[in-house]
Amino acid sequence: MLKRIQLMLADSAWFIPFLYGVGGVVLTFLTQYFGGFFREILPEVLYLEKDSAATVLSSSFTSLMTMMTFSFSTILVVLTTYSSQFSPRTVNNFLTNAAAKHTLGLFILTTVYGITNLFLIRTADDDAVLASGVSVLLVVGSIWAFVKFIQTISVSIQAERLLSALHREALSVIKSQQDALEKDEVQIVPKRPVHPFEGHAVYAPRTGYVQLFASEKQESDSCHFESVVAVGDFVAKGDLLGYWSEEVDADIEPFQIGEVRSSIQDPAFAIEKLSEIALKGISPGINDPNTAIHYIGDILRELSRMPGGDFLFSKRSSDWHVKRKSLETTMFEAFAPIKTYASHDIFVIGSVFEAIRIARLEAHPSSFEAYEGILGYFEDVIGWDDLQERERAFLENKLMQAKKVKTA
């Protein structure tokens, strides 16, 4: 349940602004019905007569709408930039940006507060009301948030900041998996070529991406589970997800499936986004794929420190075996598109070899075969005969460095 709530909050662009809107209604109630109780405590300057307060509220609302219009226009420009220059998959990274959500929320709070007080101010029993003073404070706070929002926008459209954010996003997921391994909350076991049982099949209730695996539901069930899909896979309604060893309650859904892919339990998704940004960087207009490729190498280094295999969650009498995307598949999906569009750019291919070299520095022995496989793939598909002597020597040197790296 906690993971599902975390997923909802992480991917939701409306929840925090909605809370601010509720806060505006609550604040209206407090100032309308309890403003008189605080008159002896609060400065007298915060209280205005009804007509003057209505004028202040109307002016505050008008100025706030101007800032909101400009903010929404800026958001549309940034979303277009993210989609065209980076990757359509990175749009959600901006929509779920904390600064953007809180700024929008403060605007909504102030707007809701202003409108509701304009509607209720004529019904106030007191001659002087607190609503206008609070409204002025909220508008001042909104101006500060607006300036902060502009600063956030100017930082967000910088490619280096987005790459760094995706890098941190992937490393945090890997760190949580490593911590779970250290605490014996999960084990990594060799991949099974054949399922040990095929009991009651579990089918996808809807079409979408497998967003997370709900391991916390294991507490309420004693059956064994064997998955045939991994977190991050796309499934259609009716696709096979796995098998229960015996019949279980239909309410127990081991996987959360949604329209949008999530990186909460899927570091490969962040790697794919970095790969797509690198593809955009290959174009002559941008010409900067190397930064994204190096970040991919650093993420792969952390990912390959864990043993290869699938996850096994064991709770007393039940074992839940969850398929995990292999390192070989992750690297192929990240680097093969780069090879396709940059096969004649020796420096981009050299950066890929350098990323693989970095990734192998602390690799677990179980991942050696995956690295040799991806290097063998590049060695086979590169047109060595079409390269000039110096170009061939450059790539061969990079390839040998990636092959001969000494692991920890």
# chains A, B, ... in the order shown; residues from 1 in each chain; ligands from 1
>>> residues_around(residues="Thr329 of chain A", least_positions_apart="3", cutoff="10 Å", atoms="only C-alpha atoms", output="list in words")
Ala268, Lys325, Ser326, Phe332, Glu333, Ala334, Ala370 and Ile374 of chain A
>>> write_last_selection(atoms="N, CA and C atoms", output="tab-separated table (two decimals), in the first residue's frame")
chain	number	residue	atom	x	y	z
A	268	ALA	N	16.00	0.88	-14.92
A	268	ALA	CA	16.21	0.80	-16.37
A	268	ALA	C	15.43	1.88	-17.11
A	325	LYS	N	14.61	-7.50	-14.92
A	325	LYS	CA	15.21	-7.25	-16.23
A	325	LYS	C	16.71	-7.46	-16.14
A	326	SER	N	17.26	-8.23	-17.04
A	326	SER	CA	18.68	-8.57	-17.00
A	326	SER	C	19.54	-7.37	-17.37
A	332	PHE	N	21.59	-3.42	-23.81
A	332	PHE	CA	21.26	-3.48	-25.24
A	332	PHE	C	20.22	-2.43	-25.59
A	333	GLU	N	19.17	-2.29	-24.75
A	333	GLU	CA	18.12	-1.31	-25.03
A	333	GLU	C	18.64	0.12	-24.91
A	334	ALA	N	19.69	0.34	-24.13
A	334	ALA	CA	20.25	1.68	-23.96
A	334	ALA	C	21.23	2.03	-25.07
A	370	ALA	N	27.53	-10.47	-19.38
A	370	ALA	CA	26.70	-9.45	-20.02
A	370	ALA	C	27.56	-8.38	-20.67
A	374	ILE	N	27.77	-7.41	-24.73
A	374	ILE	CA	27.49	-6.12	-25.36
A	374	ILE	C	28.71	-5.62	-26.13
>>> residues_around(residues="segment 241-255 of chain A", least_positions_apart="6", cutoff="8 Å", atoms="only C-alpha atoms", output="list in words")
Phe197, Glu198, Gly199, His200, Ala201, Val202, Tyr203, Ala204, Val210, Gln211, Leu212, Phe213, Ala214, Ser215, Lys217, Asp221, Cys223, His224, Phe225, Glu226, Ser227, Val228 and Val229 of chain A
>>> select_by_dssp(residues="segment 317-385 of chain A", states="alpha helix (DSSP H)", output="number ranges by chain")
A: 327-341, 346-359, 368-381
>>> write_last_selection(atoms="N, CA and C atoms", output="compact mmCIF listing (two decimals), in the first residue's frame")
# COMPACT_ATOMS: atom_id res chain seq x y z
N LEU A 327 20.78 -7.38 -16.89
CA LEU A 327 21.71 -6.31 -17.21
C LEU A 327 22.00 -6.28 -18.71
N GLU A 328 22.10 -7.45 -19.32
CA GLU A 328 22.36 -7.52 -20.75
C GLU A 328 21.25 -6.84 -21.54
N THR A 329 19.98 -7.09 -21.16
CA THR A 329 18.86 -6.46 -21.85
C THR A 329 18.86 -4.96 -21.65
N THR A 330 19.14 -4.53 -20.42
CA THR A 330 19.17 -3.10 -20.11
C THR A 330 20.22 -2.38 -20.95
N MET A 331 21.42 -2.97 -21.05
CA MET A 331 22.48 -2.34 -21.83
C MET A 331 22.15 -2.33 -23.32
N PHE A 332 21.59 -3.42 -23.81
CA PHE A 332 21.26 -3.48 -25.24
C PHE A 332 20.22 -2.43 -25.59
N GLU A 333 19.17 -2.29 -24.75
CA GLU A 333 18.12 -1.31 -25.03
C GLU A 333 18.64 0.12 -24.91
N ALA A 334 19.69 0.34 -24.13
CA ALA A 334 20.25 1.68 -23.96
C ALA A 334 21.23 2.03 -25.07
N PHE A 335 22.09 1.07 -25.46
CA PHE A 335 23.19 1.38 -26.37
C PHE A 335 22.90 1.05 -27.83
N ALA A 336 22.03 0.08 -28.10
CA ALA A 336 21.77 -0.29 -29.50
C ALA A 336 21.19 0.87 -30.31
N PRO A 337 20.20 1.64 -29.79
CA PRO A 337 19.72 2.79 -30.57
C PRO A 337 20.81 3.82 -30.84
N ILE A 338 21.72 4.01 -29.88
CA ILE A 338 22.82 4.96 -30.08
C ILE A 338 23.71 4.48 -31.21
N LYS A 339 23.97 3.16 -31.23
CA LYS A 339 24.78 2.60 -32.31
C LYS A 339 24.11 2.81 -33.66
N THR A 340 22.78 2.65 -33.70
CA THR A 340 22.05 2.75 -34.96
C THR A 340 22.17 4.15 -35.57
N TYR A 341 22.06 5.18 -34.74
CA TYR A 341 22.04 6.55 -35.25
C TYR A 341 23.41 7.22 -35.23
N ILE A 346 32.72 8.12 -34.55
CA ILE A 346 33.62 7.30 -33.73
C ILE A 346 33.71 7.82 -32.30
N PHE A 347 33.49 9.12 -32.10
CA PHE A 347 33.60 9.66 -30.75
C PHE A 347 32.39 9.27 -29.89
N VAL A 348 31.21 9.17 -30.50
CA VAL A 348 30.05 8.70 -29.76
C VAL A 348 30.22 7.23 -29.39
N ILE A 349 30.65 6.41 -30.35
CA ILE A 349 30.89 5.00 -30.06
C ILE A 349 32.01 4.85 -29.03
N GLY A 350 33.01 5.71 -29.11
CA GLY A 350 34.07 5.70 -28.11
C GLY A 350 33.54 6.03 -26.73
N SER A 351 32.57 6.95 -26.65
CA SER A 351 31.97 7.29 -25.35
C SER A 351 31.18 6.10 -24.80
N VAL A 352 30.55 5.34 -25.69
CA VAL A 352 29.84 4.13 -25.25
C VAL A 352 30.82 3.14 -24.64
N PHE A 353 31.97 2.93 -25.31
CA PHE A 353 32.98 2.02 -24.76
C PHE A 353 33.52 2.53 -23.43
N GLU A 354 33.66 3.85 -23.31
CA GLU A 354 34.14 4.42 -22.04
C GLU A 354 33.11 4.23 -20.93
N ALA A 355 31.82 4.37 -21.29
CA ALA A 355 30.76 4.14 -20.30
C ALA A 355 30.77 2.70 -19.83
N ILE A 356 30.98 1.77 -20.76
CA ILE A 356 31.04 0.35 -20.38
C ILE A 356 32.26 0.09 -19.50
N ARG A 357 33.36 0.74 -19.81
CA ARG A 357 34.56 0.59 -18.97
C ARG A 357 34.31 1.07 -17.55
N ILE A 358 33.65 2.21 -17.43
CA ILE A 358 33.32 2.75 -16.11
C ILE A 358 32.38 1.80 -15.37
N ALA A 359 31.40 1.28 -16.09
CA ALA A 359 30.41 0.41 -15.46
C ALA A 359 31.02 -0.88 -14.94
N PHE A 368 29.85 -10.30 -15.71
CA PHE A 368 30.94 -10.28 -16.69
C PHE A 368 30.45 -10.72 -18.07
N GLU A 369 29.65 -11.75 -18.10
CA GLU A 369 29.17 -12.28 -19.37
C GLU A 369 28.33 -11.25 -20.11
N ALA A 370 27.53 -10.47 -19.38
CA ALA A 370 26.70 -9.45 -20.02
C ALA A 370 27.56 -8.38 -20.67
N TYR A 371 28.64 -7.96 -19.98
CA TYR A 371 29.52 -6.95 -20.55
C TYR A 371 30.27 -7.48 -21.77
N GLU A 372 30.73 -8.71 -21.68
CA GLU A 372 31.40 -9.30 -22.83
C GLU A 372 30.43 -9.42 -24.00
N GLY A 373 29.17 -9.70 -23.71
CA GLY A 373 28.18 -9.82 -24.77
C GLY A 373 27.91 -8.51 -25.49
N ILE A 374 27.77 -7.41 -24.73
CA ILE A 374 27.49 -6.12 -25.36
C ILE A 374 28.71 -5.62 -26.13
N LEU A 375 29.92 -5.87 -25.61
CA LEU A 375 31.12 -5.49 -26.34
C LEU A 375 31.27 -6.33 -27.62
N GLY A 376 30.93 -7.62 -27.53
CA GLY A 376 30.96 -8.46 -28.72
C GLY A 376 29.96 -8.00 -29.76
N TYR A 377 28.81 -7.52 -29.31
CA TYR A 377 27.80 -7.00 -30.23
C TYR A 377 28.35 -5.80 -31.01
N PHE A 378 28.96 -4.85 -30.30
CA PHE A 378 29.51 -3.68 -30.97
C PHE A 378 30.66 -4.06 -31.89
N GLU A 379 31.48 -5.02 -31.45
CA GLU A 379 32.60 -5.45 -32.27
C GLU A 379 32.12 -6.06 -33.59
N ASP A 380 30.96 -6.71 -33.56
CA ASP A 380 30.42 -7.35 -34.77
C ASP A 380 29.75 -6.36 -35.70
N VAL A 381 29.07 -5.34 -35.14
CA VAL A 381 28.26 -4.47 -35.99
C VAL A 381 29.02 -3.25 -36.51
>>> select_by_dssp(residues="segment 243-285 of chain A", states="strand (DSSP E)", output="list in words")
Tyr243, Trp244, Phe255, Gln256, Ile257 and Gly258 of chain A
>>> closest_residue(among="A:Leu312, A:Ile264, A:Gln401, A:Leu274", to="Pro88 of chain A", atoms="only C-alpha atoms")
A:Leu274
>>> atom_distance(atom1="atom CA of Glu389 of chain A", atom2="atom CA of Ala292 of chain A")
28.1 Å
>>> closest_atom_pairs(of="segment 310-357 of chain A", to="segment 164-186 of chain A", cutoff="9 Å", atoms="only C-alpha atoms", output="tab-separated table")
residue	atom	partner	partner_atom	distance
A:Phe311	CA	A:Val186	CA	6.5
A:Leu312	CA	A:Val186	CA	5.7
A:Phe313	CA	A:Val186	CA	5.0
A:Ser314	CA	A:Val186	CA	7.1
>>> closest_residue(among="A:Ala54, A:Leu279, A:Leu19, A:Ile150", to="Ser343 of chain A", atoms="only C-alpha atoms")
A:Leu279
